[in-house]
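Asker: Following this line is data35.pdb, made up of PDB, C-alpha atoms:
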```
ATOM      1  CA  MET A   1      76.067 105.251 214.907
ATOM      2  CA  ASN A   2      75.936 101.573 213.824
ATOM      3  CA  ASP A   3      78.680  99.008 214.345
ATOM      4  CA  ALA A   4      79.763  96.248 211.966
ATOM      5  CA  THR A   5      76.782  94.100 212.928
ATOM      6  CA  GLY A   6      74.335  96.832 212.058
ATOM      7  CA  THR A   7      73.305  97.442 215.645
ATOM      8  CA  GLU A   8      73.450 100.844 217.213
ATOM      9  CA  ALA A   9      76.597 101.418 219.266
ATOM     10  CA  PRO A  10      76.162 102.976 222.726
ATOM     11  CA  ALA A  11      76.804 106.690 222.958
ATOM     12  CA  ALA A  12      80.074 107.798 224.536
ATOM     13  CA  GLY A  13      79.898 109.139 228.047
ATOM     14  CA  PRO A  14      79.674 107.923 231.654
ATOM     15  CA  VAL A  15      77.169 105.129 232.103
ATOM     16  CA  GLU A  16      74.538 105.956 234.709
ATOM     17  CA  MET A  17      72.946 102.852 236.224
ATOM     18  CA  GLU A  18      70.703 101.806 239.056
ATOM     19  CA  ARG A  19      72.311 100.652 242.300
ATOM     20  CA  ARG A  20      71.406  96.968 241.812
ATOM     21  CA  GLU A  21      72.928  96.849 238.340
ATOM     22  CA  LEU A  22      76.037  98.684 239.539
ATOM     23  CA  LEU A  23      76.593  96.293 242.456
ATOM     24  CA  GLY A  24      76.226  93.335 240.134
ATOM     25  CA  ARG A  25      78.844  94.742 237.778
ATOM     26  CA  LEU A  26      81.260  95.519 240.597
ATOM     27  CA  VAL A  27      81.032  91.946 241.887
ATOM     28  CA  THR A  28      81.611  90.650 238.356
ATOM     29  CA  MET A  29      84.725  92.817 238.094
ATOM     30  CA  GLY A  30      86.100  91.355 241.334
ATOM     31  CA  ALA A  31      85.244  94.393 243.451
ATOM     32  CA  GLY A  32      82.899  92.608 245.830
ATOM     33  CA  ALA A  33      84.069  94.544 248.885
ATOM     34  CA  LEU A  34      83.501  97.907 247.262
ATOM     35  CA  ALA A  35      80.166  96.696 245.915
ATOM     36  CA  ILE A  36      78.994  95.805 249.423
ATOM     37  CA  ALA A  37      80.204  99.153 250.743
ATOM     38  CA  LEU A  38      78.351 101.040 248.045
ATOM     39  CA  GLY A  39      75.287  98.945 248.724
ATOM     40  CA  GLY A  40      75.441 100.167 252.312
ATOM     41  CA  GLY A  41      74.639 103.714 251.297
ATOM     42  CA  ALA A  42      77.512 105.282 249.359
ATOM     43  CA  GLY A  43      75.057 106.406 246.716
ATOM     44  CA  LEU A  44      74.831 106.203 242.933
ATOM     45  CA  VAL A  45      78.199 106.392 241.230
ATOM     46  CA  THR A  46      79.472 106.381 237.683
ATOM     47  CA  VAL A  47      81.596 103.611 236.223
ATOM     48  CA  ALA A  48      83.704 104.961 233.381
ATOM     49  CA  ARG A  49      86.992 104.944 231.506
ATOM     50  CA  ALA A  50      89.698 107.616 231.444
ATOM     51  CA  GLU A  51      88.851 108.819 227.950
ATOM     52  CA  LEU A  52      85.588 109.963 229.500
ATOM     53  CA  VAL A  53      87.271 112.089 232.175
ATOM     54  CA  PRO A  54      85.656 115.537 231.904
ATOM     55  CA  ALA A  55      87.696 117.941 229.814
ATOM     56  CA  THR A  56      89.880 120.433 231.598
ATOM     57  CA  PRO A  57      88.573 124.002 231.290
ATOM     58  CA  THR A  58      90.180 125.972 228.484
ATOM     59  CA  GLY A  59      93.335 127.814 229.506
ATOM     60  CA  ARG A  60      94.274 125.497 232.371
ATOM     61  CA  LYS A  61      97.511 123.529 232.007
ATOM     62  CA  PHE A  62      97.028 121.690 235.274
ATOM     63  CA  ARG A  63      94.173 119.735 236.757
ATOM     64  CA  TYR A  64      95.660 118.012 239.755
ATOM     65  CA  GLY A  65      93.987 114.993 241.269
ATOM     66  CA  MET A  66      94.480 111.541 242.728
ATOM     67  CA  VAL A  67      93.895 107.976 241.655
ATOM     68  CA  ILE A  68      93.611 105.614 244.619
ATOM     69  CA  ASP A  69      93.928 101.864 244.135
ATOM     70  CA  THR A  70      91.436 100.104 246.436
ATOM     71  CA  ARG A  71      93.216  96.792 245.848
ATOM     72  CA  ARG A  72      96.494  98.124 247.229
ATOM     73  CA  CYS A  73      95.304 100.169 250.221
ATOM     74  CA  VAL A  74      95.830  98.120 253.405
ATOM     75  CA  GLY A  75      94.703 100.771 255.877
ATOM     76  CA  CYS A  76      98.158 101.403 257.381
ATOM     77  CA  LYS A  77      97.413 105.149 257.725
ATOM     78  CA  SER A  78     100.934 106.128 256.726
ATOM     79  CA  CYS A  79      99.328 108.781 254.535
ATOM     80  CA  MET A  80      97.648 110.354 257.556
ATOM     81  CA  VAL A  81     100.908 110.457 259.525
ATOM     82  CA  ALA A  82     102.834 111.874 256.563
ATOM     83  CA  CYS A  83     100.205 114.556 255.976
ATOM     84  CA  LYS A  84     100.321 115.680 259.601
ATOM     85  CA  ALA A  85     104.105 115.751 259.586
ATOM     86  CA  GLU A  86     104.230 117.769 256.361
ATOM     87  CA  ASN A  87     101.503 120.283 257.183
ATOM     88  CA  LYS A  88     101.959 120.285 260.981
ATOM     89  CA  THR A  89      98.233 120.032 261.613
ATOM     90  CA  PRO A  90      97.030 120.153 265.247
ATOM     91  CA  PRO A  91      94.861 117.630 267.098
ATOM     92  CA  GLY A  92      91.410 117.334 265.586
ATOM     93  CA  VAL A  93      92.528 118.540 262.151
ATOM     94  CA  SER A  94      93.170 115.896 259.489
ATOM     95  CA  TYR A  95      93.511 116.603 255.802
ATOM     96  CA  THR A  96      93.179 112.952 254.830
ATOM     97  CA  VAL A  97      91.559 110.060 256.657
ATOM     98  CA  VAL A  98      91.491 106.309 256.121
ATOM     99  CA  THR A  99      88.182 104.621 256.771
ATOM    100  CA  SER A 100      87.900 100.946 257.657
ATOM    101  CA  GLU A 101      84.543  99.255 257.463
ATOM    102  CA  PRO A 102      83.775  95.593 258.194
ATOM    103  CA  LEU A 103      81.894  94.088 255.294
ATOM    104  CA  GLU A 104      79.088  91.786 256.319
ATOM    105  CA  GLY A 105      78.582  89.109 253.709
ATOM    106  CA  ALA A 106      81.981  89.539 252.051
ATOM    107  CA  LEU A 107      83.935  86.474 250.921
ATOM    108  CA  THR A 108      86.905  87.415 253.145
ATOM    109  CA  ASP A 109      87.268  89.097 256.531
ATOM    110  CA  ARG A 110      89.328  91.925 255.005
ATOM    111  CA  PRO A 111      87.593  95.245 255.689
ATOM    112  CA  LEU A 112      87.210  97.916 253.055
ATOM    113  CA  PHE A 113      89.899 100.601 253.364
ATOM    114  CA  MET A 114      89.390 103.947 251.662
ATOM    115  CA  THR A 115      91.771 106.907 251.755
ATOM    116  CA  LYS A 116      89.775 110.121 251.607
ATOM    117  CA  PRO A 117      91.536 113.483 251.111
ATOM    118  CA  CYS A 118      89.785 116.603 249.865
ATOM    119  CA  PHE A 119      88.294 115.763 246.477
ATOM    120  CA  HIS A 120      89.130 119.143 244.886
ATOM    121  CA  CYS A 121      85.931 119.049 242.857
ATOM    122  CA  GLU A 122      85.521 120.750 239.506
ATOM    123  CA  ASN A 123      82.202 122.049 240.857
ATOM    124  CA  PRO A 124      82.914 122.345 244.601
ATOM    125  CA  PRO A 125      79.737 122.909 246.643
ATOM    126  CA  CYS A 126      81.824 124.400 249.456
ATOM    127  CA  THR A 127      82.802 127.565 247.596
ATOM    128  CA  PRO A 128      79.459 129.231 246.760
ATOM    129  CA  VAL A 129      78.189 128.985 250.347
ATOM    130  CA  CYS A 130      81.099 130.938 251.841
ATOM    131  CA  PRO A 131      79.727 134.400 252.734
ATOM    132  CA  VAL A 132      83.167 136.056 252.530
ATOM    133  CA  SER A 133      84.656 134.121 249.573
ATOM    134  CA  ALA A 134      87.363 132.699 251.813
ATOM    135  CA  THR A 135      87.246 129.305 250.131
ATOM    136  CA  TYR A 136      87.785 129.248 246.399
ATOM    137  CA  LYS A 137      89.048 127.166 243.499
ATOM    138  CA  ARG A 138      92.404 128.245 242.058
ATOM    139  CA  GLU A 139      92.145 129.035 238.361
ATOM    140  CA  GLN A 140      95.648 127.826 237.504
ATOM    141  CA  ASP A 141      95.398 124.265 238.827
ATOM    142  CA  GLY A 142      91.914 123.599 240.198
ATOM    143  CA  ILE A 143      93.070 123.182 243.794
ATOM    144  CA  VAL A 144      90.449 124.299 246.322
ATOM    145  CA  VAL A 145      91.928 126.312 249.188
ATOM    146  CA  VAL A 146      90.912 128.405 252.190
ATOM    147  CA  ASP A 147      92.162 131.954 252.694
ATOM    148  CA  TYR A 148      92.869 132.041 256.434
ATOM    149  CA  ASP A 149      92.913 135.831 256.482
ATOM    150  CA  ARG A 150      89.344 135.984 255.155
ATOM    151  CA  CYS A 151      87.787 132.935 256.841
ATOM    152  CA  ILE A 152      85.415 133.902 259.669
ATOM    153  CA  GLY A 153      84.897 130.358 260.925
ATOM    154  CA  CYS A 154      81.197 130.139 260.099
ATOM    155  CA  ARG A 155      81.643 126.523 258.920
ATOM    156  CA  TYR A 156      79.059 126.741 256.135
ATOM    157  CA  CYS A 157      81.577 125.042 253.853
ATOM    158  CA  ILE A 158      81.862 122.111 256.257
ATOM    159  CA  ALA A 159      78.116 121.623 256.084
ATOM    160  CA  ALA A 160      78.121 121.896 252.284
ATOM    161  CA  CYS A 161      80.908 119.374 251.613
ATOM    162  CA  PRO A 162      79.346 115.970 250.817
ATOM    163  CA  TYR A 163      82.656 114.203 251.507
ATOM    164  CA  GLY A 164      83.365 115.424 255.043
ATOM    165  CA  ALA A 165      86.748 116.668 253.851
ATOM    166  CA  ARG A 166      87.047 119.773 256.054
ATOM    167  CA  SER A 167      88.034 120.301 259.679
ATOM    168  CA  PHE A 168      87.696 123.230 262.062
ATOM    169  CA  ASP A 169      90.717 124.413 264.013
ATOM    170  CA  PHE A 170      89.561 124.854 267.600
ATOM    171  CA  GLY A 171      93.019 125.919 268.775
ATOM    172  CA  GLU A 172      94.140 122.630 270.271
ATOM    173  CA  ASN A 173      97.854 121.963 270.553
ATOM    174  CA  TYR A 174      99.923 118.881 271.211
ATOM    175  CA  PRO A 175     101.283 118.675 274.783
ATOM    176  CA  ALA A 176     104.877 119.700 275.253
ATOM    177  CA  GLY A 177     107.237 116.756 275.463
ATOM    178  CA  GLU A 178     110.867 116.187 274.711
ATOM    179  CA  PRO A 179     112.880 119.197 273.487
ATOM    180  CA  GLU A 180     112.914 117.779 269.958
ATOM    181  CA  GLN A 181     109.117 117.520 269.956
ATOM    182  CA  SER A 182     108.718 121.044 271.288
ATOM    183  CA  ALA A 183     111.054 122.389 268.615
ATOM    184  CA  TRP A 184     109.067 120.593 265.901
ATOM    185  CA  ALA A 185     105.765 121.929 267.233
ATOM    186  CA  ALA A 186     107.128 125.491 267.360
ATOM    187  CA  ALA A 187     108.389 125.444 263.778
ATOM    188  CA  PRO A 188     106.225 127.264 261.193
ATOM    189  CA  SER A 189     103.999 125.256 258.868
ATOM    190  CA  PRO A 190     104.868 125.412 255.154
ATOM    191  CA  GLU A 191     101.179 125.100 254.290
ATOM    192  CA  LEU A 192     100.113 127.345 251.394
ATOM    193  CA  GLY A 193     103.685 128.641 251.325
ATOM    194  CA  GLN A 194     102.834 131.011 254.190
ATOM    195  CA  TYR A 195     104.975 129.545 257.000
ATOM    196  CA  ARG A 196     102.651 130.629 259.757
ATOM    197  CA  VAL A 197     103.731 130.121 263.363
ATOM    198  CA  ARG A 198     100.997 128.635 265.525
ATOM    199  CA  GLU A 199     100.407 131.005 268.422
ATOM    200  CA  GLY A 200      97.463 132.227 270.441
ATOM    201  CA  ASP A 201      94.253 132.811 268.508
ATOM    202  CA  ALA A 202      96.000 133.851 265.305
ATOM    203  CA  SER A 203      94.965 132.167 262.054
ATOM    204  CA  PRO A 204      94.598 129.345 261.255
ATOM    205  CA  VAL A 205      93.124 128.935 264.733
ATOM    206  CA  GLY A 206      89.395 129.538 264.364
ATOM    207  CA  ASN A 207      89.473 128.748 260.651
ATOM    208  CA  VAL A 208      88.265 125.882 258.508
ATOM    209  CA  ARG A 209      91.149 123.779 257.217
ATOM    210  CA  LYS A 210      91.560 121.165 254.499
ATOM    211  CA  CYS A 211      93.904 119.306 252.171
ATOM    212  CA  THR A 212      95.770 121.565 249.741
ATOM    213  CA  LEU A 213      97.500 118.790 247.763
ATOM    214  CA  CYS A 214     100.677 120.156 249.384
ATOM    215  CA  LEU A 215     100.659 123.047 246.917
ATOM    216  CA  HIS A 216     103.545 124.646 248.801
ATOM    217  CA  LEU A 217     105.734 122.058 247.041
ATOM    218  CA  GLN A 218     104.963 123.457 243.586
ATOM    219  CA  ASP A 219     107.624 125.394 241.725
ATOM    220  CA  ALA A 220     107.113 128.901 240.363
ATOM    221  CA  GLU A 221     105.340 127.475 237.300
ATOM    222  CA  GLY A 222     102.919 125.400 239.317
ATOM    223  CA  ARG A 223     104.635 122.038 238.763
ATOM    224  CA  TYR A 224     105.503 119.302 241.228
ATOM    225  CA  ASP A 225     108.629 117.143 240.971
ATOM    226  CA  ARG A 226     108.375 113.603 242.272
ATOM    227  CA  HIS A 227     112.068 112.830 241.816
ATOM    228  CA  ALA A 228     113.056 115.928 243.786
ATOM    229  CA  GLY A 229     110.680 114.984 246.606
ATOM    230  CA  ARG A 230     108.295 117.852 245.866
ATOM    231  CA  TRP A 231     105.231 115.615 245.853
ATOM    232  CA  PRO A 232     102.117 115.454 248.084
ATOM    233  CA  ALA A 233     103.148 113.764 251.325
ATOM    234  CA  CYS A 234     100.445 111.094 251.258
ATOM    235  CA  ALA A 235     101.307 109.884 247.747
ATOM    236  CA  LYS A 236     105.046 110.075 248.401
ATOM    237  CA  THR A 237     104.793 108.023 251.586
ATOM    238  CA  CYS A 238     102.221 105.309 250.782
ATOM    239  CA  PRO A 239     104.153 102.018 251.203
ATOM    240  CA  GLY A 240     101.694 100.051 249.098
ATOM    241  CA  HIS A 241     101.751 102.543 246.219
ATOM    242  CA  ALA A 242      97.977 102.853 246.469
ATOM    243  CA  ILE A 243      97.910 106.651 246.113
ATOM    244  CA  HIS A 244      98.821 108.119 242.732
ATOM    245  CA  PHE A 245      98.966 111.868 242.162
ATOM    246  CA  GLY A 246      99.255 113.775 238.922
ATOM    247  CA  ASN A 247      97.890 116.093 236.281
ATOM    248  CA  LEU A 248      94.579 114.861 234.862
ATOM    249  CA  ALA A 249      94.910 117.394 232.045
ATOM    250  CA  ASP A 250      97.993 115.602 230.704
ATOM    251  CA  PRO A 251      97.103 112.524 228.600
ATOM    252  CA  ASP A 252     100.616 111.139 229.188
ATOM    253  CA  ASP A 253     100.464 111.413 232.965
ATOM    254  CA  GLU A 254     100.564 108.272 235.094
ATOM    255  CA  VAL A 255      97.154 108.966 236.620
ATOM    256  CA  VAL A 256      95.497 109.105 233.201
ATOM    257  CA  ARG A 257      97.277 105.940 232.132
ATOM    258  CA  LEU A 258      95.971 104.114 235.197
ATOM    259  CA  LEU A 259      92.448 105.267 234.506
ATOM    260  CA  ASN A 260      92.740 104.031 230.941
ATOM    261  CA  GLU A 261      93.840 100.606 232.139
ATOM    262  CA  ARG A 262      91.397 100.012 234.995
ATOM    263  CA  ASN A 263      87.753 100.491 235.853
ATOM    264  CA  TYR A 264      87.119 103.187 238.408
ATOM    265  CA  VAL A 265      84.453 105.042 240.359
ATOM    266  CA  ARG A 266      84.094 108.555 241.683
ATOM    267  CA  LEU A 267      82.073 109.054 244.847
ATOM    268  CA  LYS A 268      78.740 110.836 244.940
ATOM    269  CA  GLU A 269      78.789 112.018 241.332
ATOM    270  CA  GLU A 270      75.028 112.484 241.519
ATOM    271  CA  TRP A 271      75.817 115.747 243.339
ATOM    272  CA  GLY A 272      77.390 117.091 240.157
ATOM    273  CA  THR A 273      80.633 117.841 241.994
ATOM    274  CA  GLN A 274      82.972 116.163 239.465
ATOM    275  CA  PRO A 275      85.533 115.163 242.111
ATOM    276  CA  ASN A 276      89.161 114.898 241.055
ATOM    277  CA  VAL A 277      89.778 111.802 243.182
ATOM    278  CA  TYR A 278      89.207 108.464 241.443
ATOM    279  CA  TYR A 279      89.084 104.985 242.997
ATOM    280  CA  LEU A 280      90.419 102.069 240.977
ATOM    281  CA  LEU A 281      88.409  98.866 241.354
TER     282      LEU A 281
END
```
Take the structure in the file and write it out as structure tokens.
Answerer:
Amino acid sequence: MNDATGTEAPAAGPVEMERRELLGRLVTMGAGALAIALGGGAGLVTVARAELVPATPTGRKFRYGMVIDTRRCVGCKSCMVACKAENKTPPGVSYTVVTSEPLEGALTDRPLFMTKPCFHCENPPCTPVCPVSATYKREQDGIVVVDYDRCIGCRYCIAACPYGARSFDFGENYPAGEPEQSAWAAAPSPELGQYRVREGDASPVGNVRKCTLCLHLQDAEGRYDRHAGRWPACAKTCPGHAIHFGNLADPDDEVVRLLNERNYVRLKEEWGTQPNVYYLL
């Protein structure tokens, strides 16, 4: 297709580029820190706009994901604390982590902070390797979950995940402390809406565990409600408003609006995973 000048307009779609060209563009856009981080081995990524977000599969009303603003994240780790408090995860199990990397050669001494939950990929490499189909992608909303009653703890999915977004529950527990702490630790976890009590070797001990986007906060129709507090703990708690959660299948949703307004990257797209976590530059 030709534009008004008679030259051929570029075809729509994500723009694949070599690492050197990508880093140059990121620096030009004011994302020097992220450019240096990517140059350190984060791999080829795609720079795109929200109108190029892959279409949601037919029949799905929801495609939940996150948009994380790298300019706003200050590495406070409030999201990690909130996630643990909400899901009552034991020592050694974290559903979201915040990485902090010093950036040699950067213009400032501010490290690069990146919040990394499960990426709830459209093509998750963790699901086909599970020999008992314990990990799967929910048809109604695209959330990737683990069935604790089926999981045999083989950890193939951990090896397959390119984002390191899964943990294994070795059965560790927090030491008993004040009565209030003991009561909190003994309370059932609302995770997956199952309210399991942590005891002995019963599941989820011995299982692989991961972020569920706090799906236990959905209503009967699969919707979240931010104003009612039924919102993923990390996004609800972030003091810098760096974590945005929403429905990528809804063109009027805040997350889609943000992607339309800003440049963004998705990590390791060369794997074909189509992650549903986007990083604003």
Asker: Show me, as a ChimeraX atom specification, the residues that have an atom within 12 Å of Asp201 in chain A when counting only C-alpha atoms, minus same-chain residues fewer than 6 positions from it.
Answerer: /A:169-173,207
Asker: Quick check on the file I pasted: which residues fall under the PyMOL selection byres ((chain A and resi 109-115) around 6)? Write them as a ChimeraX atom specification.
Answerer: /A:75,97-103,108,116
Asker: Which neighbours of Tyr148 in chain A fall inside 8 Å, counting all atoms listed in the file, when residues of the same chain fewer than 2 positions from it are skipped, and could you give them as a ChimeraX atom specification?
Answerer: /A:134,146,150-151,203-204,207-208
Asker: What does the distance from CA of Glu199 in chain A to CA of Lys88 in chain A come to in Å, to one decimal?
Answerer: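 Distance reported for this atom pair: 13.1 Å.
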Asker: For a quick check of understanding, using all atoms listed in the file, which of A:Arg60, A:Asp69, A:Val277, A:Glu139 has the smallest distance to Arg262 in chain A?
Answerer: A:Asp69
Asker: Between CA of Thr96 in chain A and CA of Cys121 in chain A, what is the distance in Å, rounded to a tenth?
Answerer: 15.3 Å
Asker: I need the residue nearest Tyr95 in chain A from this list: A:Cys130, A:Leu217, A:Ala187, A:Ala233. Use all atoms listed in the file for the distance.
Answerer: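 The answer is A:Ala233, which sits nearest to Tyr95 in chain A.
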Asker: Distance CA of Tyr264 in chain A-CA of Thr70 in chain A, one decimal place?
Answerer: 9.6 Å
Asker: Up to 8 Å from (86.9, 119.6, 237.9) in the file's coordinates: name the residues, counting all atoms listed in the file, as a VMD selection string.
Answerer: chain A and resid 54 56 63 120 to 123 142 273 to 276
Asker: Restrict the selected residues to C-alpha atoms and save them as a CSV table (one decimal), in the coordinates of the input.
Answerer:
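Here's the written file part.csv:
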```
chain,number,residue,atom,x,y,z
A,54,PRO,CA,85.7,115.5,231.9
A,56,THR,CA,89.9,120.4,231.6
A,63,ARG,CA,94.2,119.7,236.8
A,120,HIS,CA,89.1,119.1,244.9
A,121,CYS,CA,85.9,119.0,242.9
A,122,GLU,CA,85.5,120.8,239.5
A,123,ASN,CA,82.2,122.0,240.9
A,142,GLY,CA,91.9,123.6,240.2
A,273,THR,CA,80.6,117.8,242.0
A,274,GLN,CA,83.0,116.2,239.5
A,275,PRO,CA,85.5,115.2,242.1
A,276,ASN,CA,89.2,114.9,241.1
```
Asker: Take the PyMOL selection byres ((chain A and resi 78) around 9), run it mentally on this structure, and tell me the resulting residues as a PDB file with C-alpha atoms, in the coordinates of the input.
Answerer:
```
ATOM      1  CA  GLY A  75      94.703 100.771 255.877  1.00  0.00           C
ATOM      2  CA  CYS A  76      98.158 101.403 257.381  1.00  0.00           C
ATOM      3  CA  LYS A  77      97.413 105.149 257.725  1.00  0.00           C
ATOM      4  CA  CYS A  79      99.328 108.781 254.535  1.00  0.00           C
ATOM      5  CA  MET A  80      97.648 110.354 257.556  1.00  0.00           C
ATOM      6  CA  VAL A  81     100.908 110.457 259.525  1.00  0.00           C
ATOM      7  CA  ALA A  82     102.834 111.874 256.563  1.00  0.00           C
ATOM      8  CA  CYS A  83     100.205 114.556 255.976  1.00  0.00           C
ATOM      9  CA  CYS A 234     100.445 111.094 251.258  1.00  0.00           C
ATOM     10  CA  THR A 237     104.793 108.023 251.586  1.00  0.00           C
ATOM     11  CA  CYS A 238     102.221 105.309 250.782  1.00  0.00           C
ATOM     12  CA  PRO A 239     104.153 102.018 251.203  1.00  0.00           C
TER      13      PRO A 239
END
```
Asker: Go ahead and fit an axis-aligned box to every listed atom of range 204-212 of chain A plus 3 Å each side, and pass me the centre and edge lengths in Å, one decimal, as lines of an AutoDock Vina configuration file.
Answerer:
```
center_x = 92.0
center_y = 124.4
center_z = 257.2
size_x = 13.5
size_y = 16.2
size_z = 21.0
```
Asker: Could you check the closest approach to Val265 in chain A for each of A:Ala159, A:Val67, A:Val197, A:Ala176 and tell me which residue wins, using only C-alpha atoms?
Answerer: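 Closest candidate: A:Val67.
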Asker: With only C-alpha atoms as the atoms that count, which of A:Glu270, A:Asp141, A:Glu254, A:Glu191 lies nearest to Lys210 in chain A?
Answerer: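 Of all the options, A:Glu191 lies closest to Lys210 in chain A.
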Asker: Between A:Tyr224, A:Trp271, A:Trp184, A:Phe168, which residue has the minimum interatomic distance to Val93 in chain A, considering all atoms listed in the file?
Answerer: A:Phe168
Asker: Determine, counting only C-alpha atoms, which protein, DNA and RNA residues have an atom within 8 Å of an atom of Met66 in chain A; residues of the same chain fewer than 5 positions away are not included. Present the result as an mmCIF file with C-alpha atoms, in the frame of the given file.
Answerer:
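Below is the file that was written, selection_36.cif:
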```cif
data_model
loop_
_atom_site.group_PDB
_atom_site.id
_atom_site.type_symbol
_atom_site.label_atom_id
_atom_site.label_comp_id
_atom_site.auth_asym_id
_atom_site.auth_seq_id
_atom_site.Cartn_x
_atom_site.Cartn_y
_atom_site.Cartn_z
ATOM 1 C CA ILE A 243 97.910 106.651 246.113
ATOM 2 C CA HIS A 244 98.821 108.119 242.732
ATOM 3 C CA PHE A 245 98.966 111.868 242.162
ATOM 4 C CA GLY A 246 99.255 113.775 238.922
ATOM 5 C CA VAL A 255 97.154 108.966 236.620
ATOM 6 C CA ASN A 276 89.161 114.898 241.055
ATOM 7 C CA VAL A 277 89.778 111.802 243.182
ATOM 8 C CA TYR A 278 89.207 108.464 241.443
#
```
